[in-house]
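Just work-v9.cif here, mmCIF, C-alpha atoms:
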data_data
#
loop_
_atom_site.group_PDB
_atom_site.id
_atom_site.type_symbol
_atom_site.label_atom_id
_atom_site.label_comp_id
_atom_site.auth_asym_id
_atom_site.auth_seq_id
_atom_site.Cartn_x
_atom_site.Cartn_y
_atom_site.Cartn_z
ATOM 1 C CA MET A 623 184.417 -52.870 98.311
ATOM 2 C CA GLU A 624 187.233 -55.404 98.230
ATOM 3 C CA SER A 625 190.701 -54.384 99.267
ATOM 4 C CA THR A 626 193.862 -56.365 98.637
ATOM 5 C CA LEU A 627 197.373 -55.903 99.864
ATOM 6 C CA ASN A 628 199.741 -56.478 96.962
ATOM 7 C CA MET A 629 203.083 -57.002 98.624
ATOM 8 C CA SER A 630 205.954 -58.919 97.073
ATOM 9 C CA VAL A 631 208.601 -60.818 99.000
ATOM 10 C CA VAL A 632 211.039 -58.012 98.135
ATOM 11 C CA ASP A 633 208.595 -55.453 99.598
ATOM 12 C CA LEU A 634 208.312 -57.571 102.731
ATOM 13 C CA VAL A 635 212.104 -57.776 103.165
ATOM 14 C CA ILE A 636 212.508 -54.023 102.595
ATOM 15 C CA LEU A 637 209.768 -53.201 105.100
ATOM 16 C CA ALA A 638 211.178 -55.691 107.616
ATOM 17 C CA LEU A 639 214.652 -54.171 107.409
ATOM 18 C CA ALA A 640 213.155 -50.688 107.647
ATOM 19 C CA ALA A 641 211.180 -51.713 110.744
ATOM 20 C CA TYR A 642 214.362 -53.121 112.281
ATOM 21 C CA ARG A 643 216.269 -49.909 111.521
ATOM 22 C CA ILE A 644 213.575 -47.675 113.022
ATOM 23 C CA ALA A 645 213.288 -49.901 116.106
ATOM 24 C CA ARG A 646 217.065 -49.823 116.597
ATOM 25 C CA LEU A 647 217.025 -46.051 116.153
ATOM 26 C CA ILE A 648 214.440 -45.732 118.923
ATOM 27 C CA ILE A 649 215.936 -48.318 121.288
ATOM 28 C CA GLU A 650 219.705 -48.127 120.893
ATOM 29 C CA ASP A 651 221.155 -45.427 118.654
ATOM 30 C CA THR A 652 223.065 -42.520 120.146
ATOM 31 C CA VAL A 653 221.153 -39.949 118.110
ATOM 32 C CA THR A 654 217.968 -40.679 120.085
ATOM 33 C CA GLU A 655 219.689 -41.017 123.459
ATOM 34 C CA ARG A 656 218.370 -37.669 124.747
ATOM 35 C CA LEU A 657 214.818 -38.660 123.855
ATOM 36 C CA ARG A 658 215.205 -41.989 125.667
ATOM 37 C CA GLU A 659 216.705 -40.241 128.698
ATOM 38 C CA ALA A 660 213.812 -37.782 128.771
ATOM 39 C CA VAL A 661 211.330 -40.653 128.720
ATOM 40 C CA TRP A 662 213.318 -42.593 131.335
ATOM 41 C CA SER A 663 213.452 -39.586 133.650
ATOM 42 C CA ARG A 664 209.683 -39.532 133.654
ATOM 43 C CA TYR A 665 208.828 -43.238 133.197
ATOM 44 C CA ASN A 666 211.186 -45.942 134.447
ATOM 45 C CA SER A 667 211.421 -49.477 133.046
ATOM 46 C CA SER A 668 208.592 -50.748 135.256
ATOM 47 C CA HIS A 669 206.206 -48.271 133.599
ATOM 48 C CA GLY A 670 204.689 -49.299 130.272
ATOM 49 C CA ILE A 671 206.124 -46.366 128.324
ATOM 50 C CA GLY A 672 209.571 -46.787 129.862
ATOM 51 C CA TYR A 673 209.541 -50.478 129.018
ATOM 52 C CA LEU A 674 208.252 -49.778 125.518
ATOM 53 C CA ILE A 675 211.364 -47.880 124.437
ATOM 54 C CA THR A 676 213.624 -50.752 125.514
ATOM 55 C CA CYS A 677 211.734 -53.698 124.019
ATOM 56 C CA TYR A 678 212.360 -54.749 120.407
ATOM 57 C CA TRP A 679 209.146 -56.795 120.379
ATOM 58 C CA CYS A 680 207.072 -53.801 121.512
ATOM 59 C CA VAL A 681 208.686 -51.130 119.371
ATOM 60 C CA GLY A 682 208.872 -53.549 116.438
ATOM 61 C CA PHE A 683 205.135 -54.208 116.586
ATOM 62 C CA TRP A 684 204.191 -50.524 116.541
ATOM 63 C CA VAL A 685 206.747 -49.607 113.890
ATOM 64 C CA ALA A 686 205.666 -52.522 111.683
ATOM 65 C CA SER A 687 202.010 -51.563 112.126
ATOM 66 C CA LEU A 688 202.755 -48.004 111.063
ATOM 67 C CA LEU A 689 204.786 -49.153 108.038
ATOM 68 C CA VAL A 690 202.014 -51.489 106.872
ATOM 69 C CA LEU A 691 199.419 -48.742 107.268
ATOM 70 C CA LEU A 692 201.611 -46.303 105.326
ATOM 71 C CA PHE A 693 202.267 -48.966 102.672
ATOM 72 C CA ILE A 694 198.507 -49.334 102.186
ATOM 73 C CA ILE A 695 197.814 -45.582 102.085
ATOM 74 C CA VAL A 696 200.887 -44.243 100.257
ATOM 75 C CA PRO A 697 202.896 -47.178 98.924
ATOM 76 C CA VAL A 698 205.472 -45.384 96.750
ATOM 77 C CA PRO A 699 206.718 -42.849 99.339
ATOM 78 C CA THR A 700 206.637 -45.537 102.018
ATOM 79 C CA MET A 701 208.753 -47.888 99.927
ATOM 80 C CA ALA A 702 211.182 -45.106 98.982
ATOM 81 C CA ALA A 703 211.768 -44.191 102.635
ATOM 82 C CA SER A 704 211.821 -47.858 103.644
ATOM 83 C CA LEU A 705 214.448 -48.632 101.023
ATOM 84 C CA VAL A 706 216.748 -45.984 102.485
ATOM 85 C CA LEU A 707 216.177 -47.398 105.982
ATOM 86 C CA ALA A 708 216.675 -50.974 104.750
ATOM 87 C CA LEU A 709 219.965 -50.090 103.074
ATOM 88 C CA SER A 710 221.066 -48.337 106.264
ATOM 89 C CA ALA A 711 220.180 -51.456 108.244
ATOM 90 C CA LEU A 712 222.147 -53.666 105.862
ATOM 91 C CA ALA A 713 225.142 -51.339 105.999
ATOM 92 C CA GLY A 714 225.077 -51.492 109.802
ATOM 93 C CA ILE A 715 224.715 -55.272 109.865
ATOM 94 C CA ILE A 716 227.579 -55.699 107.387
ATOM 95 C CA ALA A 717 229.795 -53.279 109.309
ATOM 96 C CA ALA A 718 229.090 -55.076 112.582
ATOM 97 C CA ARG A 719 229.955 -58.449 111.022
ATOM 98 C CA LEU A 720 233.185 -57.134 109.500
ATOM 99 C CA ASP A 721 234.260 -55.533 112.785
ATOM 100 C CA HIS A 722 234.090 -58.864 114.631
#

Would you encode the structure as structure tokens?
Amino acid sequence: MESTLNMSVVDLVILALAAYRIARLIIEDTVTERLREAVWSRYNSSHGIGYLITCYWCVGFWVASLLVLLFIIVPVPTMAASLVLALSALAGIIAARLDH
């Protein structure tokens, strides 16, 4: 059975921005600060898990992997949620640029 991944450039950009937004949420945003502190209290930055929640490359890989898997299994809900996250990412990027 042959399987293909039909992803347009627009899909790729939306998923990329969504992955960025989720990674930023995990690594930097205030709303997840308590979660990060709980992890840090148990695993410091020298531990793999402690390092994981501070590394964009690490978090980005796992978030992107999950988004691709979800895109393959349930493309429409994944793209709907990803679009919201992508728009949030763009709003944040634009706001940051305008504030400087």

Would you compute, for all listed atoms of region 681-700 of chain A, the axis-aligned bounding box grown by 8 Å on each side, and then report its centre and edge lengths in Å rounded to one decimal, as lines of an AutoDock Vina configuration file?
center_x = 203.3
center_y = -48.5
center_z = 108.1
size_x = 27.1
size_y = 27.4
size_z = 38.6

- [ ] Within 8 Å of Val685 (chain A), counting all atoms listed in the file, which residues show up once you throw out same-chain ones fewer than 2 positions away? Write them as an NGL selection string, please.
- [x] :A and (641 or 644-645 or 681-683 or 687-689)

Open item on the list: What does the structure give for the distance between CA of Ala640 (chain A) and CA of Ala702 (chain A), in Å to one decimal?
Closed with: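 Between CA of Ala640 (chain A) and CA of Ala702 (chain A) the gap works out to 10.5 Å.
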
TODO: Would you list the contacts of Gly672 (chain A) as a PyMOL selection string, taking every protein, DNA or RNA residue within 12 Å and counting all atoms listed in the file, but skipping same-chain residues closer than 2 positions in sequence?
DONE: chain A and resi 649+657-670+674-677+680-681

TODO: Would you mind reading off the distance between CA of Tyr642 (chain A) and CA of Tyr673 (chain A), one decimal, in Å?
DONE: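 Interatomic distance here is 17.6 Å.
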
Open item on the list: Please compute the CA of Leu647 (chain A)-CA of Gly714 (chain A) distance, one decimal, in Å.
Closed with: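 Answer for the CA of Leu647 (chain A) to CA of Gly714 (chain A) separation: 11.6 Å.
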
Task: Residues returned when the PyMOL selection byres ((chain A and resi 705) around 10) runs on this file, as a PyMOL selection string - done: chain A and resi 633+635-637+639-640+699-704+706-711

Kindly complete region 673-693 of chain A to N, CA and C atoms; the output should be written as a tab-separated table (two decimals), keeping the file's coordinate frame.
chain	number	residue	atom	x	y	z
A	673	TYR	N	209.22	-49.15	129.55
A	673	TYR	CA	209.54	-50.48	129.02
A	673	TYR	C	209.46	-50.49	127.49
A	674	LEU	N	208.48	-49.79	126.96
A	674	LEU	CA	208.25	-49.78	125.52
A	674	LEU	C	209.49	-49.36	124.73
A	675	ILE	N	210.22	-48.37	125.21
A	675	ILE	CA	211.36	-47.88	124.44
A	675	ILE	C	212.62	-48.73	124.62
A	676	THR	N	212.49	-49.85	125.36
A	676	THR	CA	213.62	-50.75	125.51
A	676	THR	C	213.34	-52.14	124.94
A	677	CYS	N	212.17	-52.37	124.44
A	677	CYS	CA	211.73	-53.70	124.02
A	677	CYS	C	211.60	-53.77	122.49
A	678	TYR	N	212.45	-54.60	121.86
A	678	TYR	CA	212.36	-54.75	120.41
A	678	TYR	C	211.01	-55.30	119.97
A	679	TRP	N	210.45	-56.23	120.74
A	679	TRP	CA	209.15	-56.80	120.38
A	679	TRP	C	208.07	-55.71	120.37
A	680	CYS	N	208.09	-54.85	121.39
A	680	CYS	CA	207.07	-53.80	121.51
A	680	CYS	C	207.24	-52.74	120.43
A	681	VAL	N	208.43	-52.18	120.36
A	681	VAL	CA	208.69	-51.13	119.37
A	681	VAL	C	208.50	-51.70	117.96
A	682	GLY	N	209.00	-52.92	117.76
A	682	GLY	CA	208.87	-53.55	116.44
A	682	GLY	C	207.42	-53.69	116.00
A	683	PHE	N	206.56	-54.07	116.92
A	683	PHE	CA	205.14	-54.21	116.59
A	683	PHE	C	204.54	-52.89	116.12
A	684	TRP	N	204.78	-51.82	116.88
A	684	TRP	CA	204.19	-50.52	116.54
A	684	TRP	C	204.80	-49.94	115.27
A	685	VAL	N	206.09	-50.10	115.12
A	685	VAL	CA	206.75	-49.61	113.89
A	685	VAL	C	206.24	-50.39	112.68
A	686	ALA	N	206.16	-51.70	112.80
A	686	ALA	CA	205.67	-52.52	111.68
A	686	ALA	C	204.22	-52.17	111.34
A	687	SER	N	203.41	-51.95	112.36
A	687	SER	CA	202.01	-51.56	112.13
A	687	SER	C	201.93	-50.26	111.36
A	688	LEU	N	202.74	-49.29	111.75
A	688	LEU	CA	202.76	-48.00	111.06
A	688	LEU	C	203.23	-48.16	109.62
A	689	LEU	N	204.28	-48.95	109.40
A	689	LEU	CA	204.79	-49.15	108.04
A	689	LEU	C	203.75	-49.83	107.14
A	690	VAL	N	203.05	-50.82	107.67
A	690	VAL	CA	202.01	-51.49	106.87
A	690	VAL	C	200.89	-50.51	106.54
A	691	LEU	N	200.47	-49.74	107.51
A	691	LEU	CA	199.42	-48.74	107.27
A	691	LEU	C	199.87	-47.74	106.19
A	692	LEU	N	201.09	-47.24	106.32
A	692	LEU	CA	201.61	-46.30	105.33
A	692	LEU	C	201.75	-46.96	103.96
A	693	PHE	N	202.15	-48.23	103.93
A	693	PHE	CA	202.27	-48.97	102.67
A	693	PHE	C	200.91	-49.07	101.98
